[in-house]
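Student: My structure file final.cif, mmCIF, C-alpha atoms and all ligand atoms, is below:
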data_work
#
loop_
_atom_site.group_PDB
_atom_site.id
_atom_site.type_symbol
_atom_site.label_atom_id
_atom_site.label_comp_id
_atom_site.auth_asym_id
_atom_site.auth_seq_id
_atom_site.Cartn_x
_atom_site.Cartn_y
_atom_site.Cartn_z
ATOM 1 C CA MET A 245 125.294 109.589 103.483
ATOM 2 C CA ALA A 246 125.693 110.368 107.187
ATOM 3 C CA LYS A 247 129.463 109.928 106.845
ATOM 4 C CA GLU A 248 129.456 112.257 103.865
ATOM 5 C CA GLY A 249 127.486 114.935 105.721
ATOM 6 C CA LYS A 250 124.413 114.536 103.496
ATOM 7 C CA THR A 251 121.783 114.137 106.219
ATOM 8 C CA GLN A 252 120.160 117.439 105.280
ATOM 9 C CA SER A 253 119.614 116.360 101.662
ATOM 10 C CA PRO A 254 116.220 115.464 100.157
ATOM 11 C CA GLU A 255 117.694 112.096 99.080
ATOM 12 C CA TYR A 256 118.567 111.198 102.666
ATOM 13 C CA ALA A 257 115.104 112.203 103.895
ATOM 14 C CA GLU A 258 113.314 110.226 101.171
ATOM 15 C CA LEU A 259 115.382 107.101 101.799
ATOM 16 C CA LYS A 260 114.401 107.314 105.456
ATOM 17 C CA ARG A 261 110.751 108.063 104.717
ATOM 18 C CA ARG A 262 110.322 105.229 102.214
ATOM 19 C CA PHE A 263 112.273 102.585 104.088
ATOM 20 C CA GLY A 264 109.309 101.225 106.078
ATOM 21 C CA TRP A 265 107.095 101.048 102.983
ATOM 22 C CA GLU A 266 109.699 99.097 100.987
ATOM 23 C CA TRP A 267 110.683 96.876 103.898
ATOM 24 C CA ASN A 268 107.127 95.923 104.765
ATOM 25 C CA GLY A 269 106.300 95.321 101.102
ATOM 26 C CA MET A 270 109.126 92.786 100.971
ATOM 27 C CA ARG A 271 108.501 91.113 104.313
ATOM 28 C CA LEU A 272 104.697 90.957 104.034
ATOM 29 C CA HIS A 273 104.967 89.187 100.668
ATOM 30 C CA GLU A 274 107.336 86.643 102.233
ATOM 31 C CA TYR A 275 104.804 85.970 104.991
ATOM 32 C CA TYR A 276 101.889 85.910 102.541
ATOM 33 C CA PHE A 277 103.392 83.285 100.249
ATOM 34 C CA GLY A 278 104.777 81.426 103.273
ATOM 35 C CA ASN A 279 101.379 81.024 104.923
ATOM 36 C CA MET A 280 99.644 79.342 101.978
ATOM 37 C CA ILE A 281 99.799 75.751 100.822
ATOM 38 C CA LYS A 282 97.931 74.019 98.006
ATOM 39 C CA GLY A 283 94.754 72.556 99.496
ATOM 40 C CA GLY A 284 95.355 74.270 102.842
ATOM 41 C CA LYS A 285 96.338 72.773 106.176
ATOM 42 C CA GLY A 286 93.847 72.978 109.022
ATOM 43 C CA ILE A 287 94.586 74.428 112.413
ATOM 44 C CA ASP A 288 95.670 72.072 115.195
ATOM 45 C CA LYS A 289 93.051 72.361 117.933
ATOM 46 C CA ASN A 290 95.659 71.598 120.584
ATOM 47 C CA THR A 291 97.681 74.717 119.845
ATOM 48 C CA ASN A 292 97.667 77.808 122.016
ATOM 49 C CA LEU A 293 96.848 79.746 118.853
ATOM 50 C CA TYR A 294 93.601 77.852 118.322
ATOM 51 C CA LYS A 295 92.623 78.250 121.973
ATOM 52 C CA LYS A 296 93.419 81.960 121.764
ATOM 53 C CA ILE A 297 91.246 82.350 118.656
ATOM 54 C CA LEU A 298 88.359 80.811 120.603
ATOM 55 C CA ALA A 299 89.034 83.029 123.623
ATOM 56 C CA ASP A 300 89.313 86.268 121.639
ATOM 57 C CA PHE A 301 86.735 85.713 118.889
ATOM 58 C CA GLY A 302 84.319 83.234 120.463
ATOM 59 C CA SER A 303 84.805 80.673 117.701
ATOM 60 C CA TYR A 304 87.023 79.908 114.739
ATOM 61 C CA GLU A 305 84.105 80.790 112.461
ATOM 62 C CA ASN A 306 83.776 84.218 114.069
ATOM 63 C CA TRP A 307 87.479 84.826 113.609
ATOM 64 C CA GLU A 308 87.242 83.815 109.946
ATOM 65 C CA LYS A 309 84.194 86.019 109.390
ATOM 66 C CA ASP A 310 86.007 89.033 110.826
ATOM 67 C CA PHE A 311 89.209 88.271 108.898
ATOM 68 C CA LYS A 312 87.316 88.024 105.606
ATOM 69 C CA ALA A 313 85.258 91.153 106.340
ATOM 70 C CA THR A 314 88.447 93.079 107.032
ATOM 71 C CA GLY A 315 89.812 91.950 103.667
ATOM 72 C CA ALA A 316 86.577 92.927 101.908
ATOM 73 C CA MET A 317 86.928 96.545 102.986
ATOM 74 C CA ARG A 318 87.586 99.179 100.318
ATOM 75 C CA GLY A 319 91.158 100.043 99.554
ATOM 76 C CA ILE A 320 94.459 98.310 98.953
ATOM 77 C CA GLY A 321 96.701 96.756 101.517
ATOM 78 C CA TRP A 322 96.867 93.736 103.741
ATOM 79 C CA VAL A 323 94.974 91.907 106.432
ATOM 80 C CA ILE A 324 97.114 90.640 109.264
ATOM 81 C CA LEU A 325 96.168 88.445 112.153
ATOM 82 C CA TYR A 326 98.466 89.783 114.831
ATOM 83 C CA TYR A 327 99.272 88.493 118.272
ATOM 84 C CA ASP A 328 100.320 91.103 120.778
ATOM 85 C CA GLY A 329 102.246 89.627 123.677
ATOM 86 C CA ASN A 330 101.877 92.664 125.931
ATOM 87 C CA GLU A 331 98.101 92.557 125.818
ATOM 88 C CA GLY A 332 97.889 88.819 125.246
ATOM 89 C CA ARG A 333 95.431 89.406 122.399
ATOM 90 C CA LEU A 334 94.852 88.596 118.756
ATOM 91 C CA PHE A 335 93.788 91.294 116.298
ATOM 92 C CA ASN A 336 92.584 91.115 112.692
ATOM 93 C CA THR A 337 94.141 94.284 111.386
ATOM 94 C CA TRP A 338 93.806 96.321 108.186
ATOM 95 C CA ILE A 339 97.086 97.603 106.786
ATOM 96 C CA ASN A 340 96.903 100.491 104.367
ATOM 97 C CA GLU A 341 99.355 99.917 101.493
ATOM 98 C CA HIS A 342 102.365 98.326 103.274
ATOM 99 C CA ASP A 343 103.035 100.671 106.105
ATOM 100 C CA GLY A 344 99.889 102.175 107.577
ATOM 101 C CA GLY A 345 98.414 100.355 110.543
ATOM 102 C CA ASN A 346 101.086 97.815 111.449
ATOM 103 C CA LEU A 347 100.893 97.135 115.163
ATOM 104 C CA CYS A 348 104.189 97.988 116.806
ATOM 105 C CA GLY A 349 105.482 95.103 118.910
ATOM 106 C CA ALA A 350 102.840 92.629 117.736
ATOM 107 C CA LYS A 351 103.745 89.462 115.831
ATOM 108 C CA PRO A 352 102.116 88.762 112.447
ATOM 109 C CA ILE A 353 100.561 85.287 112.516
ATOM 110 C CA LEU A 354 98.694 85.256 109.202
ATOM 111 C CA VAL A 355 99.058 87.660 106.297
ATOM 112 C CA MET A 356 96.711 88.165 103.329
ATOM 113 C CA ASP A 357 97.500 90.442 100.394
ATOM 114 C CA VAL A 358 94.516 92.535 99.285
ATOM 115 C CA PHE A 359 96.217 94.715 96.712
ATOM 116 C CA GLU A 360 94.401 94.351 93.380
ATOM 117 C CA HIS A 361 97.421 92.603 91.861
ATOM 118 C CA ALA A 362 96.825 89.696 94.259
ATOM 119 C CA TYR A 363 93.466 88.823 92.677
ATOM 120 C CA MET A 364 92.582 90.824 89.549
ATOM 121 C CA ILE A 365 94.117 88.373 87.066
ATOM 122 C CA ASP A 366 92.310 85.320 88.465
ATOM 123 C CA TYR A 367 89.202 86.839 90.029
ATOM 124 C CA GLY A 368 88.615 90.189 88.331
ATOM 125 C CA LEU A 369 86.389 92.296 90.586
ATOM 126 C CA LYS A 370 85.328 89.274 92.639
ATOM 127 C CA LYS A 371 87.496 90.073 95.645
ATOM 128 C CA ALA A 372 85.278 87.965 97.918
ATOM 129 C CA ASP A 373 86.007 84.868 95.798
ATOM 130 C CA TYR A 374 89.734 85.528 96.112
ATOM 131 C CA ILE A 375 89.433 85.900 99.885
ATOM 132 C CA GLU A 376 87.479 82.638 100.039
ATOM 133 C CA ALA A 377 90.194 80.878 98.012
ATOM 134 C CA PHE A 378 92.894 82.355 100.252
ATOM 135 C CA VAL A 379 91.186 81.139 103.428
ATOM 136 C CA LYS A 380 90.955 77.629 101.931
ATOM 137 C CA ALA A 381 94.695 77.706 101.199
ATOM 138 C CA ILE A 382 95.868 78.760 104.666
ATOM 139 C CA ASP A 383 98.725 76.694 106.003
ATOM 140 C CA TRP A 384 98.032 76.767 109.730
ATOM 141 C CA THR A 385 101.333 75.117 110.602
ATOM 142 C CA ILE A 386 102.602 77.096 113.559
ATOM 143 C CA ASP A 387 106.146 77.156 114.826
ATOM 144 C CA PRO A 388 106.047 75.554 118.320
ATOM 145 C CA LYS A 389 108.288 78.347 119.613
ATOM 146 C CA MET A 390 105.784 80.932 118.390
ATOM 147 C CA ASP A 391 102.874 78.927 119.754
ATOM 148 C CA SER A 392 104.467 78.728 123.204
ATOM 149 C CA TRP A 393 104.595 82.526 123.220
ATOM 150 C CA ILE A 394 100.798 82.766 122.874
ATOM 151 C CA GLU A 395 99.066 82.768 126.246
HETATM 152 FE FE FE B 1 101.192 91.840 96.661
#
What would you get if you wrote out this structure as C-alpha cells?

Tutor:
Amino acid sequence: MAKEGKTQSPEYAELKRRFGWEWNGMRLHEYYFGNMIKGGKGIDKNTNLYKKILADFGSYENWEKDFKATGAMRGIGWVILYYDGNEGRLFNTWINEHDGGNLCGAKPILVMDVFEHAYMIDYGLKKADYIEAFVKAIDWTIDPKMDSWIE
C-alpha cells in the first residue's frame, strides 16, 4: 500500500491500528497452549526463575495467589507473568483483550487466557475453577537460555 501511495487511506490506517491486536491474539494463544501439559509439571527449585519468584513475591504461594487474583478480575483478556530484564523483576500483569497492558521489552514467562471462550464451555461462570485447573496444568519447563537471563 505504501508503494501504491495508499498510506492516507482508511484501509492502511486500520491495518496498522489492528496489527498489534491480531498479532498478540495469535502469539498469546501459542504461549498459552505451549505452557500447559496434562497433569502439570512442577517448577524446578534450582532455576533462577524459582529463586526470582521467591525474591519478588516472598513465596511461590504468594506468587500463585497474586496470579490467580489477577485472573479473577472482571473483564476479558490475559494474565501474563512477565520478566523484565531492565528492572530485573517479575510482574503478574493483566492484559486487556490482546493488546492493552503488554509490558514493552519484558519477556512473557507464563500466559493464561481469561477470555470467556477459554472456560465457559467447561466451567460456565465458575472462572475460579478454570483458573485452579489452569494452575494445576502449568508446564514449568523453562528454557535454560531463558533461565540464564533471569537474575
Ligand atoms: Fe483464547

Student: Draw an axis-aligned box over all listed atoms of region 294-303 of chain A, pad each side with 6 Å, and write its centre and edge lengths in Å, one decimal, as AutoDock Vina command-line options.

Tutor:
--center_x 89.0 --center_y 82.1 --center_z 120.7 --size_x 21.3 --size_y 20.4 --size_z 17.9

Student: Quick one: apply the PyMOL selection byres (((not hetatm)) within 8 of (chain B and resi 1)) to the file and drop the selected residues here as JSON, numbers by chain.

Tutor: {"A": [269, 273, 357, 358, 359, 360, 361, 362]}

Student: Just checking: using all atoms listed in the file, which residue out of A:Ala372, A:Leu334, A:Leu293, A:Ala377 ends up closest to Ala313 (chain A)?

Tutor: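 Using all atoms listed in the file, Ala313 (chain A) sits closest to A:Ala372.
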
Student: For a test of reading the model, state the distance in Å between CA of Pro352 (chain A) and CA of Asp373 (chain A), rounded to one decimal.

Tutor: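 Calculated distance between CA of Pro352 (chain A) and CA of Asp373 (chain A) is 23.5 Å.
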
Student: May I have the residues within 9 Å of Tyr276 (chain A) as a list in words, using all atoms listed in the file and disregarding those fewer than 3 positions away in the same chain?

Tutor: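 Listed by chain and then number, they are Arg271, Leu272, His273, Asn279, Met280, Leu354, Val355, Met356 and Asp357 of chain A.
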
Student: I'd like the interatomic distance between CA of Gly286 (chain A) and CA of Gly332 (chain A), to a tenth of an Å.

Tutor: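 So the answer is 23.0 Å.
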
Student: CA of Leu325 (chain A) and CA of Phe301 (chain A), how far apart in Å?

Tutor: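 So the answer is 11.9 Å.
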
Student: Step by step, work through what the PyMOL selection byres (((chain A and resi 380) around 10) and not hetatm) selects in the shown file, and finish by giving those residues as a JSON list (two decimals) with C-alpha atoms, keeping the file's coordinate frame.

Tutor:
[["chain", "number", "residue", "atom", "x", "y", "z"],
["A", 280, "MET", "CA", 99.64, 79.34, 101.98],
["A", 281, "ILE", "CA", 99.80, 75.75, 100.82],
["A", 282, "LYS", "CA", 97.93, 74.02, 98.01],
["A", 283, "GLY", "CA", 94.75, 72.56, 99.50],
["A", 284, "GLY", "CA", 95.36, 74.27, 102.84],
["A", 285, "LYS", "CA", 96.34, 72.77, 106.18],
["A", 286, "GLY", "CA", 93.85, 72.98, 109.02],
["A", 374, "TYR", "CA", 89.73, 85.53, 96.11],
["A", 375, "ILE", "CA", 89.43, 85.90, 99.88],
["A", 376, "GLU", "CA", 87.48, 82.64, 100.04],
["A", 377, "ALA", "CA", 90.19, 80.88, 98.01],
["A", 378, "PHE", "CA", 92.89, 82.36, 100.25],
["A", 379, "VAL", "CA", 91.19, 81.14, 103.43],
["A", 381, "ALA", "CA", 94.70, 77.71, 101.20],
["A", 382, "ILE", "CA", 95.87, 78.76, 104.67],
["A", 383, "ASP", "CA", 98.72, 76.69, 106.00]]
